[in-house]
Structures are given as structure tokens and as C-alpha cells.
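Below is data_10.cif, which holds mmCIF, C-alpha atoms.
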data_start
#
loop_
_atom_site.group_PDB
_atom_site.id
_atom_site.type_symbol
_atom_site.label_atom_id
_atom_site.label_comp_id
_atom_site.auth_asym_id
_atom_site.auth_seq_id
_atom_site.Cartn_x
_atom_site.Cartn_y
_atom_site.Cartn_z
ATOM 1 C CA PRO A 6 -87.270 -25.109 247.824
ATOM 2 C CA SER A 7 -84.890 -25.904 250.669
ATOM 3 C CA SER A 8 -81.225 -26.552 249.942
ATOM 4 C CA ALA A 9 -77.894 -26.859 251.730
ATOM 5 C CA ARG A 10 -77.569 -23.080 251.558
ATOM 6 C CA HIS A 11 -81.193 -22.421 252.595
ATOM 7 C CA PRO A 12 -82.295 -25.402 254.722
ATOM 8 C CA PHE A 13 -85.731 -23.931 255.467
ATOM 9 C CA ASP A 14 -88.406 -23.097 252.894
ATOM 10 C CA LEU A 15 -90.039 -19.944 254.322
ATOM 11 C CA ARG A 16 -91.998 -18.873 251.261
ATOM 12 C CA THR A 17 -95.342 -19.791 252.812
ATOM 13 C CA THR A 18 -94.370 -18.768 256.361
ATOM 14 C CA TYR A 19 -96.309 -15.990 258.123
ATOM 15 C CA PHE A 20 -94.316 -13.581 260.298
ATOM 16 C CA LEU A 21 -95.942 -12.057 263.380
ATOM 17 C CA VAL A 22 -93.687 -9.160 264.412
ATOM 18 C CA GLY A 23 -94.717 -8.458 267.985
ATOM 19 C CA GLY A 24 -93.556 -6.527 271.022
ATOM 20 C CA ILE A 25 -94.481 -3.929 273.615
ATOM 21 C CA ALA A 26 -94.415 -0.243 272.746
ATOM 22 C CA GLY A 27 -94.985 3.290 273.897
ATOM 23 C CA ILE A 28 -98.548 4.328 273.093
ATOM 24 C CA ASN A 29 -100.198 7.517 271.857
ATOM 25 C CA PRO A 30 -103.265 8.306 274.040
ATOM 26 C CA LYS A 31 -104.891 10.116 271.116
ATOM 27 C CA VAL A 32 -105.370 6.701 269.500
ATOM 28 C CA ALA A 33 -105.033 3.875 272.046
ATOM 29 C CA THR A 34 -104.175 3.098 275.660
ATOM 30 C CA LEU A 35 -102.154 0.958 278.033
ATOM 31 C CA ALA A 36 -102.474 -2.773 277.215
ATOM 32 C CA SER A 37 -104.169 -2.057 273.869
ATOM 33 C CA VAL A 38 -103.237 -4.338 270.987
ATOM 34 C CA THR A 39 -102.325 -2.413 267.834
ATOM 35 C CA PHE A 40 -101.847 -3.632 264.278
ATOM 36 C CA ALA A 41 -99.872 -1.423 261.891
ATOM 37 C CA ARG A 42 -100.063 -0.930 258.158
ATOM 38 C CA TYR A 43 -97.100 1.485 258.122
ATOM 39 C CA ALA A 44 -93.818 1.266 260.007
ATOM 40 C CA VAL A 45 -92.080 4.660 259.903
ATOM 41 C CA GLN A 46 -88.466 5.293 260.907
ATOM 42 C CA VAL A 47 -89.008 8.719 262.418
ATOM 43 C CA CYS A 48 -85.426 9.133 263.665
ATOM 44 C CA LEU A 49 -83.978 9.597 260.140
ATOM 45 C CA GLN A 50 -83.871 13.387 260.486
ATOM 46 C CA TYR A 51 -81.622 16.295 261.327
ATOM 47 C CA GLU A 52 -81.827 17.112 265.029
ATOM 48 C CA PHE A 53 -81.199 20.450 266.735
ATOM 49 C CA ASP A 54 -80.985 20.765 270.477
ATOM 50 C CA ALA A 55 -84.181 22.609 271.465
ATOM 51 C CA ARG A 56 -82.067 25.398 272.982
ATOM 52 C CA GLU A 57 -80.430 26.059 269.611
ATOM 53 C CA MET A 58 -83.172 25.278 267.099
ATOM 54 C CA PRO A 59 -84.122 27.969 264.548
ATOM 55 C CA ASP A 60 -86.705 30.496 265.731
ATOM 56 C CA ASP A 61 -89.001 29.966 262.745
ATOM 57 C CA ILE A 62 -89.674 26.246 263.268
ATOM 58 C CA PRO A 63 -91.694 24.549 266.032
ATOM 59 C CA THR A 64 -89.394 21.558 266.537
ATOM 60 C CA GLY A 65 -85.755 20.554 266.508
ATOM 61 C CA TYR A 66 -86.375 17.817 263.913
ATOM 62 C CA ILE A 67 -86.124 18.431 260.158
ATOM 63 C CA PRO A 68 -86.247 15.641 257.539
ATOM 64 C CA LEU A 69 -82.936 14.855 255.851
ATOM 65 C CA GLY A 70 -82.232 17.142 252.905
ATOM 66 C CA ALA A 71 -85.153 19.429 253.816
ATOM 67 C CA LYS A 72 -85.147 22.933 255.287
ATOM 68 C CA LYS A 73 -88.478 22.819 257.135
ATOM 69 C CA PRO A 74 -90.199 20.161 259.286
ATOM 70 C CA ASP A 75 -93.120 19.875 256.850
ATOM 71 C CA GLN A 76 -90.953 19.135 253.799
ATOM 72 C CA TYR A 77 -90.497 15.563 252.576
ATOM 73 C CA PRO A 78 -86.888 14.360 252.927
ATOM 74 C CA SER A 79 -84.853 14.624 249.758
ATOM 75 C CA ASP A 80 -82.105 12.360 251.075
ATOM 76 C CA ILE A 81 -83.684 8.892 251.109
ATOM 77 C CA TYR A 82 -82.166 5.827 252.790
ATOM 78 C CA GLY A 83 -84.953 3.400 251.931
ATOM 79 C CA THR A 84 -85.957 2.392 255.454
ATOM 80 C CA GLU A 85 -88.063 5.488 256.126
ATOM 81 C CA VAL A 86 -91.347 3.688 255.481
ATOM 82 C CA PHE A 87 -92.461 0.093 255.070
ATOM 83 C CA VAL A 88 -96.051 -0.863 254.360
ATOM 84 C CA VAL A 89 -97.502 -4.333 254.878
ATOM 85 C CA ASN A 90 -100.537 -6.226 253.590
ATOM 86 C CA GLU A 91 -103.736 -4.392 254.573
ATOM 87 C CA ALA A 92 -105.975 -7.375 253.781
ATOM 88 C CA LEU A 93 -103.917 -9.608 256.072
ATOM 89 C CA ARG A 94 -103.966 -6.943 258.790
ATOM 90 C CA LYS A 95 -107.774 -6.883 258.666
ATOM 91 C CA LEU A 96 -107.898 -10.642 259.158
ATOM 92 C CA ALA A 97 -105.423 -10.478 262.050
ATOM 93 C CA VAL A 98 -107.449 -7.739 263.735
ATOM 94 C CA GLY A 99 -110.570 -9.871 263.449
ATOM 95 C CA PHE A 100 -108.820 -12.806 265.107
ATOM 96 C CA ALA A 101 -107.377 -10.630 267.902
ATOM 97 C CA LYS A 102 -110.759 -9.094 268.713
ATOM 98 C CA ILE A 103 -111.939 -12.521 269.873
ATOM 99 C CA ALA A 104 -109.467 -12.337 272.770
ATOM 100 C CA LYS A 105 -110.383 -11.123 276.246
ATOM 101 C CA LEU A 106 -107.629 -8.633 276.946
ATOM 102 C CA ASN A 107 -105.726 -8.386 280.212
ATOM 103 C CA ASP A 108 -105.636 -5.222 282.331
ATOM 104 C CA SER A 109 -104.465 -4.148 285.775
ATOM 105 C CA ALA A 110 -105.853 -1.944 288.528
ATOM 106 C CA LYS A 111 -102.717 0.220 288.407
ATOM 107 C CA ALA A 112 -103.069 0.747 284.639
ATOM 108 C CA GLN A 113 -106.739 1.640 285.088
ATOM 109 C CA ALA A 114 -105.876 4.239 287.718
ATOM 110 C CA TYR A 115 -103.035 5.707 285.645
ATOM 111 C CA ARG A 116 -104.989 5.992 282.400
ATOM 112 C CA ALA A 117 -107.826 7.753 284.242
ATOM 113 C CA HIS A 118 -105.595 10.843 284.467
ATOM 114 C CA TYR A 119 -105.816 11.205 280.681
ATOM 115 C CA SER A 120 -109.575 11.802 280.858
ATOM 116 C CA ALA A 121 -108.741 15.426 281.727
ATOM 117 C CA SER A 122 -108.119 16.076 278.010
ATOM 118 C CA GLN A 123 -110.612 15.543 275.183
ATOM 119 C CA ASP A 124 -107.659 14.728 272.932
ATOM 120 C CA TYR A 125 -106.860 11.737 275.121
ATOM 121 C CA VAL A 126 -110.263 10.032 275.314
ATOM 122 C CA PRO A 127 -108.852 6.809 273.737
ATOM 123 C CA GLY A 128 -106.033 6.852 276.294
ATOM 124 C CA ALA A 129 -108.503 6.998 279.178
ATOM 125 C CA SER A 130 -110.558 4.111 277.780
ATOM 126 C CA PRO A 131 -110.142 0.363 278.446
ATOM 127 C CA PRO A 132 -107.681 -1.587 276.264
ATOM 128 C CA SER A 133 -108.900 -2.667 272.852
ATOM 129 C CA VAL A 134 -107.663 -3.847 269.451
ATOM 130 C CA VAL A 135 -106.758 -0.887 267.231
ATOM 131 C CA GLU A 136 -105.638 -0.392 263.623
ATOM 132 C CA CYS A 137 -102.949 2.301 263.619
ATOM 133 C CA ASP A 138 -99.313 2.745 262.704
ATOM 134 C CA THR A 139 -95.944 2.381 264.387
ATOM 135 C CA ALA A 140 -92.901 4.654 264.629
ATOM 136 C CA ALA A 141 -89.368 3.319 265.041
ATOM 137 C CA SER A 142 -86.545 5.269 266.653
ATOM 138 C CA ASP A 143 -83.205 4.288 268.160
ATOM 139 C CA THR A 144 -83.776 7.021 270.752
ATOM 140 C CA PHE A 145 -86.221 6.188 273.565
ATOM 141 C CA TRP A 146 -87.918 9.588 273.502
ATOM 142 C CA THR A 147 -90.769 10.796 275.700
ATOM 143 C CA GLY A 148 -93.045 13.781 276.206
ATOM 144 C CA ARG A 149 -95.944 15.572 274.524
ATOM 145 C CA LEU A 150 -93.863 17.863 272.326
ATOM 146 C CA LEU A 151 -91.746 15.099 270.821
ATOM 147 C CA GLY A 152 -94.875 12.972 270.483
ATOM 148 C CA GLU A 153 -96.579 15.647 268.406
ATOM 149 C CA THR A 154 -93.447 16.142 266.312
ATOM 150 C CA LEU A 155 -93.104 12.466 265.441
ATOM 151 C CA GLU A 156 -96.861 12.138 264.932
ATOM 152 C CA ASN A 157 -96.441 14.797 262.237
ATOM 153 C CA THR A 158 -93.401 12.972 260.828
ATOM 154 C CA THR A 159 -95.449 9.777 260.504
ATOM 155 C CA ALA A 160 -98.153 11.623 258.582
ATOM 156 C CA LEU A 161 -95.584 13.428 256.401
ATOM 157 C CA PHE A 162 -93.608 10.307 255.465
ATOM 158 C CA THR A 163 -96.809 8.387 254.564
ATOM 159 C CA ASN A 164 -98.348 11.125 252.428
ATOM 160 C CA GLY A 165 -100.895 12.003 255.098
ATOM 161 C CA THR A 166 -102.317 8.502 255.502
ATOM 162 C CA GLY A 167 -100.350 7.105 258.468
ATOM 163 C CA VAL A 168 -101.767 7.377 262.003
ATOM 164 C CA TYR A 169 -99.048 7.160 264.637
ATOM 165 C CA CYS A 170 -99.999 5.245 267.764
ATOM 166 C CA SER A 171 -97.054 3.088 268.892
ATOM 167 C CA THR A 172 -93.343 3.699 269.243
ATOM 168 C CA GLN A 173 -90.599 1.076 269.317
ATOM 169 C CA GLN A 174 -87.004 0.499 268.238
ATOM 170 C CA GLU A 175 -86.929 -2.641 266.102
ATOM 171 C CA ASP A 176 -89.589 -2.940 263.409
ATOM 172 C CA ASN A 177 -87.999 -1.125 260.487
ATOM 173 C CA ALA A 178 -84.775 -3.106 260.870
ATOM 174 C CA LEU A 179 -86.747 -6.365 260.930
ATOM 175 C CA LEU A 180 -88.782 -5.301 257.903
ATOM 176 C CA LYS A 181 -85.641 -4.362 255.982
ATOM 177 C CA ALA A 182 -84.261 -7.870 256.564
ATOM 178 C CA LEU A 183 -87.541 -9.442 255.446
ATOM 179 C CA LEU A 184 -87.632 -7.175 252.385
ATOM 180 C CA ARG A 185 -84.198 -8.427 251.359
ATOM 181 C CA GLY A 186 -85.428 -11.987 251.785
ATOM 182 C CA ALA A 187 -88.520 -11.243 249.719
ATOM 183 C CA LYS A 188 -86.404 -9.688 246.973
ATOM 184 C CA ASP A 189 -84.513 -12.983 246.716
ATOM 185 C CA GLN A 190 -87.820 -14.902 246.830
ATOM 186 C CA LEU A 191 -86.948 -16.542 250.147
ATOM 187 C CA VAL A 192 -89.965 -15.106 252.013
ATOM 188 C CA ASP A 193 -93.246 -13.441 251.041
ATOM 189 C CA PHE A 194 -93.526 -9.811 252.178
ATOM 190 C CA ALA A 195 -97.324 -10.116 251.949
ATOM 191 C CA HIS A 196 -97.178 -12.535 254.905
ATOM 192 C CA ILE A 197 -96.130 -10.002 257.575
ATOM 193 C CA ILE A 198 -98.237 -8.838 260.531
ATOM 194 C CA ILE A 199 -97.040 -6.044 262.850
ATOM 195 C CA MET A 200 -98.544 -6.201 266.355
ATOM 196 C CA ARG A 201 -97.589 -3.932 269.266
ATOM 197 C CA THR A 202 -99.127 -3.639 272.734
ATOM 198 C CA GLY A 203 -99.076 -0.465 274.817
ATOM 199 C CA SER A 204 -96.813 -0.673 277.873
ATOM 200 C CA ASN A 205 -96.444 3.061 278.611
ATOM 201 C CA PHE A 206 -97.766 6.393 277.379
ATOM 202 C CA ASP A 207 -95.399 8.510 275.317
ATOM 203 C CA PRO A 208 -96.791 11.886 276.521
ATOM 204 C CA GLN A 209 -97.486 12.901 280.082
ATOM 205 C CA TYR A 210 -101.060 13.463 281.251
ATOM 206 C CA PRO A 211 -102.335 17.036 281.875
ATOM 207 C CA GLY A 212 -100.617 18.499 284.914
ATOM 208 C CA GLN A 213 -97.813 15.933 284.927
ATOM 209 C CA THR A 214 -94.215 16.490 283.816
ATOM 210 C CA ALA A 215 -92.634 14.486 281.026
ATOM 211 C CA VAL A 216 -89.957 13.299 283.478
ATOM 212 C CA ASP A 217 -92.525 11.970 285.941
ATOM 213 C CA ASN A 218 -94.291 10.101 283.145
ATOM 214 C CA ARG A 219 -91.018 8.477 282.054
ATOM 215 C CA VAL A 220 -89.729 7.424 285.459
ATOM 216 C CA GLY A 221 -93.131 6.590 286.980
ATOM 217 C CA ASP A 222 -94.891 3.230 286.854
ATOM 218 C CA SER A 223 -98.034 3.312 284.704
ATOM 219 C CA GLY A 224 -98.929 -0.295 285.449
ATOM 220 C CA GLY A 225 -99.056 -1.053 281.739
ATOM 221 C CA PHE A 226 -96.014 -3.282 281.362
ATOM 222 C CA ALA A 227 -97.453 -6.540 282.748
ATOM 223 C CA PRO A 228 -100.809 -6.426 280.896
ATOM 224 C CA ALA A 229 -99.036 -5.391 277.692
ATOM 225 C CA LEU A 230 -96.826 -8.477 277.922
ATOM 226 C CA ALA A 231 -99.853 -10.649 278.691
ATOM 227 C CA ASN A 232 -101.820 -9.286 275.746
ATOM 228 C CA LEU A 233 -98.990 -10.046 273.350
ATOM 229 C CA TYR A 234 -99.642 -13.692 274.105
ATOM 230 C CA ILE A 235 -103.426 -13.490 274.539
ATOM 231 C CA ALA A 236 -104.020 -11.702 271.229
ATOM 232 C CA GLY A 237 -101.095 -13.296 269.407
ATOM 233 C CA VAL A 238 -102.385 -16.789 270.083
ATOM 234 C CA LYS A 239 -105.742 -15.878 268.551
ATOM 235 C CA VAL A 240 -103.987 -14.620 265.410
ATOM 236 C CA ILE A 241 -101.935 -17.812 265.108
ATOM 237 C CA GLN A 242 -104.984 -19.991 265.764
ATOM 238 C CA GLY A 243 -106.915 -18.118 263.108
ATOM 239 C CA ILE A 244 -104.195 -18.671 260.531
ATOM 240 C CA LEU A 245 -103.897 -22.367 261.373
ATOM 241 C CA ASP A 246 -107.670 -22.915 261.357
ATOM 242 C CA GLY A 247 -107.983 -21.182 257.987
ATOM 243 C CA TRP A 248 -104.819 -22.614 256.471
ATOM 244 C CA GLU A 249 -106.303 -24.826 253.781
ATOM 245 C CA GLU A 250 -109.046 -22.428 252.782
ATOM 246 C CA THR A 251 -107.197 -19.110 252.908
ATOM 247 C CA PHE A 252 -103.632 -18.907 254.145
ATOM 248 C CA ALA A 253 -101.822 -21.712 252.321
ATOM 249 C CA LYS A 254 -102.319 -19.921 249.022
ATOM 250 C CA GLY A 255 -101.724 -16.511 250.570
ATOM 251 C CA VAL A 256 -103.844 -13.411 251.187
ATOM 252 C CA PRO A 257 -103.592 -11.173 248.096
ATOM 253 C CA PRO A 258 -102.664 -7.598 249.057
ATOM 254 C CA THR A 259 -105.223 -4.906 248.271
ATOM 255 C CA ASN A 260 -102.571 -2.186 248.638
ATOM 256 C CA TYR A 261 -99.000 -1.478 247.657
ATOM 257 C CA ILE A 262 -96.561 -3.343 249.933
ATOM 258 C CA GLY A 263 -92.834 -2.881 250.437
ATOM 259 C CA ASP A 264 -90.541 0.118 250.791
ATOM 260 C CA ILE A 265 -90.313 3.635 249.414
ATOM 261 C CA PHE A 266 -88.244 2.496 246.395
ATOM 262 C CA GLY A 267 -90.726 -0.040 245.036
ATOM 263 C CA THR A 268 -88.094 -2.736 245.543
ATOM 264 C CA LEU A 269 -90.520 -5.635 245.214
ATOM 265 C CA SER A 270 -92.973 -4.413 242.579
ATOM 266 C CA GLY A 271 -95.277 -1.525 241.821
ATOM 267 C CA LYS A 272 -94.980 2.136 242.787
ATOM 268 C CA SER A 273 -95.361 3.331 246.349
ATOM 269 C CA ASP A 274 -98.155 5.756 247.148
ATOM 270 C CA PHE A 275 -95.880 7.704 249.500
ATOM 271 C CA GLY A 276 -92.590 9.476 249.040
ATOM 272 C CA PRO A 277 -91.379 12.471 246.982
ATOM 273 C CA GLY A 278 -93.742 13.294 244.128
ATOM 274 C CA SER A 279 -96.604 11.139 245.415
ATOM 275 C CA PRO A 280 -100.099 12.490 244.745
ATOM 276 C CA PRO A 281 -101.972 13.975 247.703
ATOM 277 C CA PRO A 282 -104.057 11.488 249.704
ATOM 278 C CA ALA A 283 -107.603 10.905 248.509
ATOM 279 C CA LYS A 284 -110.280 12.733 250.485
ATOM 280 C CA VAL A 285 -112.680 10.436 252.292
#

Take the structure from the file and write it as C-alpha cells.
Amino acid sequence: PSSARHPFDLRTTYFLVGGIAGINPKVATLASVTFARYAVQVCLQYEFDAREMPDDIPTGYIPLGAKKPDQYPSDIYGTEVFVVNEALRKLAVGFAKIAKLNDSAKAQAYRAHYSASQDYVPGASPPSVVECDTAASDTFWTGRLLGETLENTTALFTNGTGVYCSTQQEDNALLKALLRGAKDQLVDFAHIIIMRTGSNFDPQYPGQTAVDNRVGDSGGFAPALANLYIAGVKVIQGILDGWEETFAKGVPPTNYIGDIFGTLSGKSDFGPGSPPPAKV
């Protein structure tokens, strides 16, 4: 209940964490709307300058406490991975798919370059609503090689189940604050939705340099901003329309939610000592 110390009762509040993001053309494209299950803080690693990195590793990034890029970190901060309510994500995706997404002629022309690679078929396609995961880093990185490195980090930190598609700088900090609130029973961690729209590609297209991709104008910024509103409104409308029947009492999670430590309850299915992912 509300009090002088906590004037707002947020225990039934739903949090839509939204923003623009870099996008992985292996999974989505400019102006796509993505909904994450995992938020992975990929920057919590040792970093070697590429000109000085060891000869026997393919990247300058090594997880903290590890000796190889494919080893799980042994030094854990607790913000490496957050996982949100999969059942709620599914509902949000359904609401967002009702929306007619925005696009631009410049974005269409830019994404067409990615059709030169079979790996980038999603990147060359029109914007859509996609279920995939998000990577947080304080460094605004760019380029194919770093993209592949942090794609691997996302998979490693989530026990092989995370699919990296968007990159941003804020989500893990926001989720840590909400986790602390949930621990004190001020908010419900099962009420969080993570939505990111693609404003730029993280890797360059075939034949382009990483620098040109970073400094060039992909045309994705304006439609990405528009789709935050266009899709976000549908999610909010869906929650309001279904409030009495579904959302007032909450959407029970079908998966573990929280952080790597099991701060809220249960045991995470990622982290050191986790069993290998089930084969599907």
C-alpha cells in the first residue's frame, strides 16, 4: 500500500521498457519492433586492443575470470543477465503485431544492400515484430566482428538460449533498479516488457566498411522512433482492454524470471553450473 515513504502503489503496474537500438540483420531489420526475453550486459568482460590480443583467440573480449572467450565468467556482478516474463512477452508481441509499422524509402534502399548475404535475409526484409534478445553495453560499438563476438557472448551468458538482435545502453541498469524494487515488494518483476526498435544496423553490409556504416545515414532512425509509439500504443491498449480479465491479477510466468543469483525466487537456468540447453 502507499505511504508517506512510498506515495505510489506500483505493485500492479506494468513497465514497458522501450527505446531505439542497433539491430542485427541476421534476425531483424531497420524499424523492426523487437521484444526481448533476455537482457545481457555484454560489456562485463576483459578487453584487449585487437592489435595486442592473444594469437590463440578470435576476439579481444574474454569474460571476467575466464581465460578463453567461450568460458563462462567466474567473476559475477549480478547484472550480466536478466530474464523477464515469457508469457507476458507473448501477449505483448500479439498486441504489437496488430500495428501497421512505419518505414521510409531511405531505410528500404539501405536495407536492400544486405540482400547480398544469405546470412542477412531478415535484414533485407521489411520491418516486422520479432521475438529476440537485447545486449547492453556502455560502449557504442559497431562492425561485423564485434557483432559476432557479442552475439556469441549473448549465447554464452544465457546457456545457449539467447538470440542477440538489438543493442542498447540502458536496459540492464533499468532492470537492476526494478529488481531491487521487486525484492522489497514495491513492484512486480513479472510485469516487465522490453521493447526495442531498430534504428541502425550494427554490422556493415557486404562491400561496405564498418566506418561508413557508422557515420552513414541508414534512414532507420525516424521509422524506429515512430514504431516505438505505433507498436507501444497497441501493447498499452491491449493491457487496458484486458485489464479485468487478465492483467489486474497478473500474468503468471511460465519461466524463471530475475537475475543470475535467483534474487527473487527459484534457480536460474543460466550461469555457472547450469545444465546444457534442451535440444528442440

- Message: Since I can't run it myself right now, could you work out what the PyMOL selection byres ((chain A and resi 205) around 9) selects here and report it as a PyMOL selection string?
- Response: chain A and resi 25-29+34-36+203-204+206-207+218-219+222-226+229

Can you spit out the residues from that selection as a PDB file, in the coordinates of the input, using C-alpha atoms?
ATOM      1  CA  ILE A  25     -94.481  -3.929 273.615  1.00  0.00           C
ATOM      2  CA  ALA A  26     -94.415  -0.243 272.746  1.00  0.00           C
ATOM      3  CA  GLY A  27     -94.985   3.290 273.897  1.00  0.00           C
ATOM      4  CA  ILE A  28     -98.548   4.328 273.093  1.00  0.00           C
ATOM      5  CA  ASN A  29    -100.198   7.517 271.857  1.00  0.00           C
ATOM      6  CA  THR A  34    -104.175   3.098 275.660  1.00  0.00           C
ATOM      7  CA  LEU A  35    -102.154   0.958 278.033  1.00  0.00           C
ATOM      8  CA  ALA A  36    -102.474  -2.773 277.215  1.00  0.00           C
ATOM      9  CA  GLY A 203     -99.076  -0.465 274.817  1.00  0.00           C
ATOM     10  CA  SER A 204     -96.813  -0.673 277.873  1.00  0.00           C
ATOM     11  CA  PHE A 206     -97.766   6.393 277.379  1.00  0.00           C
ATOM     12  CA  ASP A 207     -95.399   8.510 275.317  1.00  0.00           C
ATOM     13  CA  ASN A 218     -94.291  10.101 283.145  1.00  0.00           C
ATOM     14  CA  ARG A 219     -91.018   8.477 282.054  1.00  0.00           C
ATOM     15  CA  ASP A 222     -94.891   3.230 286.854  1.00  0.00           C
ATOM     16  CA  SER A 223     -98.034   3.312 284.704  1.00  0.00           C
ATOM     17  CA  GLY A 224     -98.929  -0.295 285.449  1.00  0.00           C
ATOM     18  CA  GLY A 225     -99.056  -1.053 281.739  1.00  0.00           C
ATOM     19  CA  PHE A 226     -96.014  -3.282 281.362  1.00  0.00           C
ATOM     20  CA  ALA A 229     -99.036  -5.391 277.692  1.00  0.00           C
TER      21      ALA A 229
END

Report the closest atom pair, with its distance in Å rounded to one decimal, for each residue of range 218-271 of chain A that has an atom no farther than 10 Å from range 118-140 of chain A; count all atoms listed in the file, sort by chain and then rising residue number, and write it as a Markdown table.
| residue | atom | partner | partner_atom | distance |
| --- | --- | --- | --- | --- |
| A:Pro228 | CA | A:Pro132 | CA | 9.6 |
| A:Ala229 | CA | A:Pro132 | CA | 9.6 |
| A:Asn232 | CA | A:Pro132 | CA | 9.7 |
| A:Ala236 | CA | A:Val134 | CA | 8.8 |

- Item | Straight-line distance linking CA of Phe87 in chain A with CA of Val192 in chain A, stated in Å to one decimal |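 Here the two named atoms are 15.7 Å from each other.
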
- Task: Using all atoms listed in the file, determine which residues lie at most 9 Å from range 237-241 of chain A, disregarding the query and same-chain residues fewer than 5 positions distant; provide the list as number ranges by chain.
- Result: A: 21, 23, 96-104, 200, 232, 246

- Message: Restricting the calculation to all atoms listed in the file: of A:Pro74, A:Pro12, A:Pro208, A:Pro277, which residue gets closest to Pro30 in chain A?
- Response: A:Pro208

- Message: What's around range 268-274 of chain A at 9 Å? Count all atoms listed in the file, leave out sequence neighbours fewer than 2 positions away in its own chain, and write the answer as a ChimeraX atom specification.
- Response: /A:163-164,184,187-188,194,261-266,276,279-280,282

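Every residue within 12 Å of the file position (-102.4, -21.9, 256.3), judged by all atoms listed in the file, is given as Arg16, Thr17, Thr18, Tyr19, His196, Val240, Ile241, Gln242, Gly243, Ile244, Leu245, Asp246, Gly247, Trp248, Glu249, Glu250, Thr251, Phe252, Ala253, Lys254, Gly255 and Val256 of chain A.
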
- Task: Would you translate the PyMOL selection byres ((chain A and resi 145-160) around 9) into the concrete set of residues it matches in this file, as a PyMOL selection string?
- Result: chain A and resi 27+29+43-48+63-66+68+74-75+86+138-140+142-144+161-170+172-174+206-210+214-216+218-219
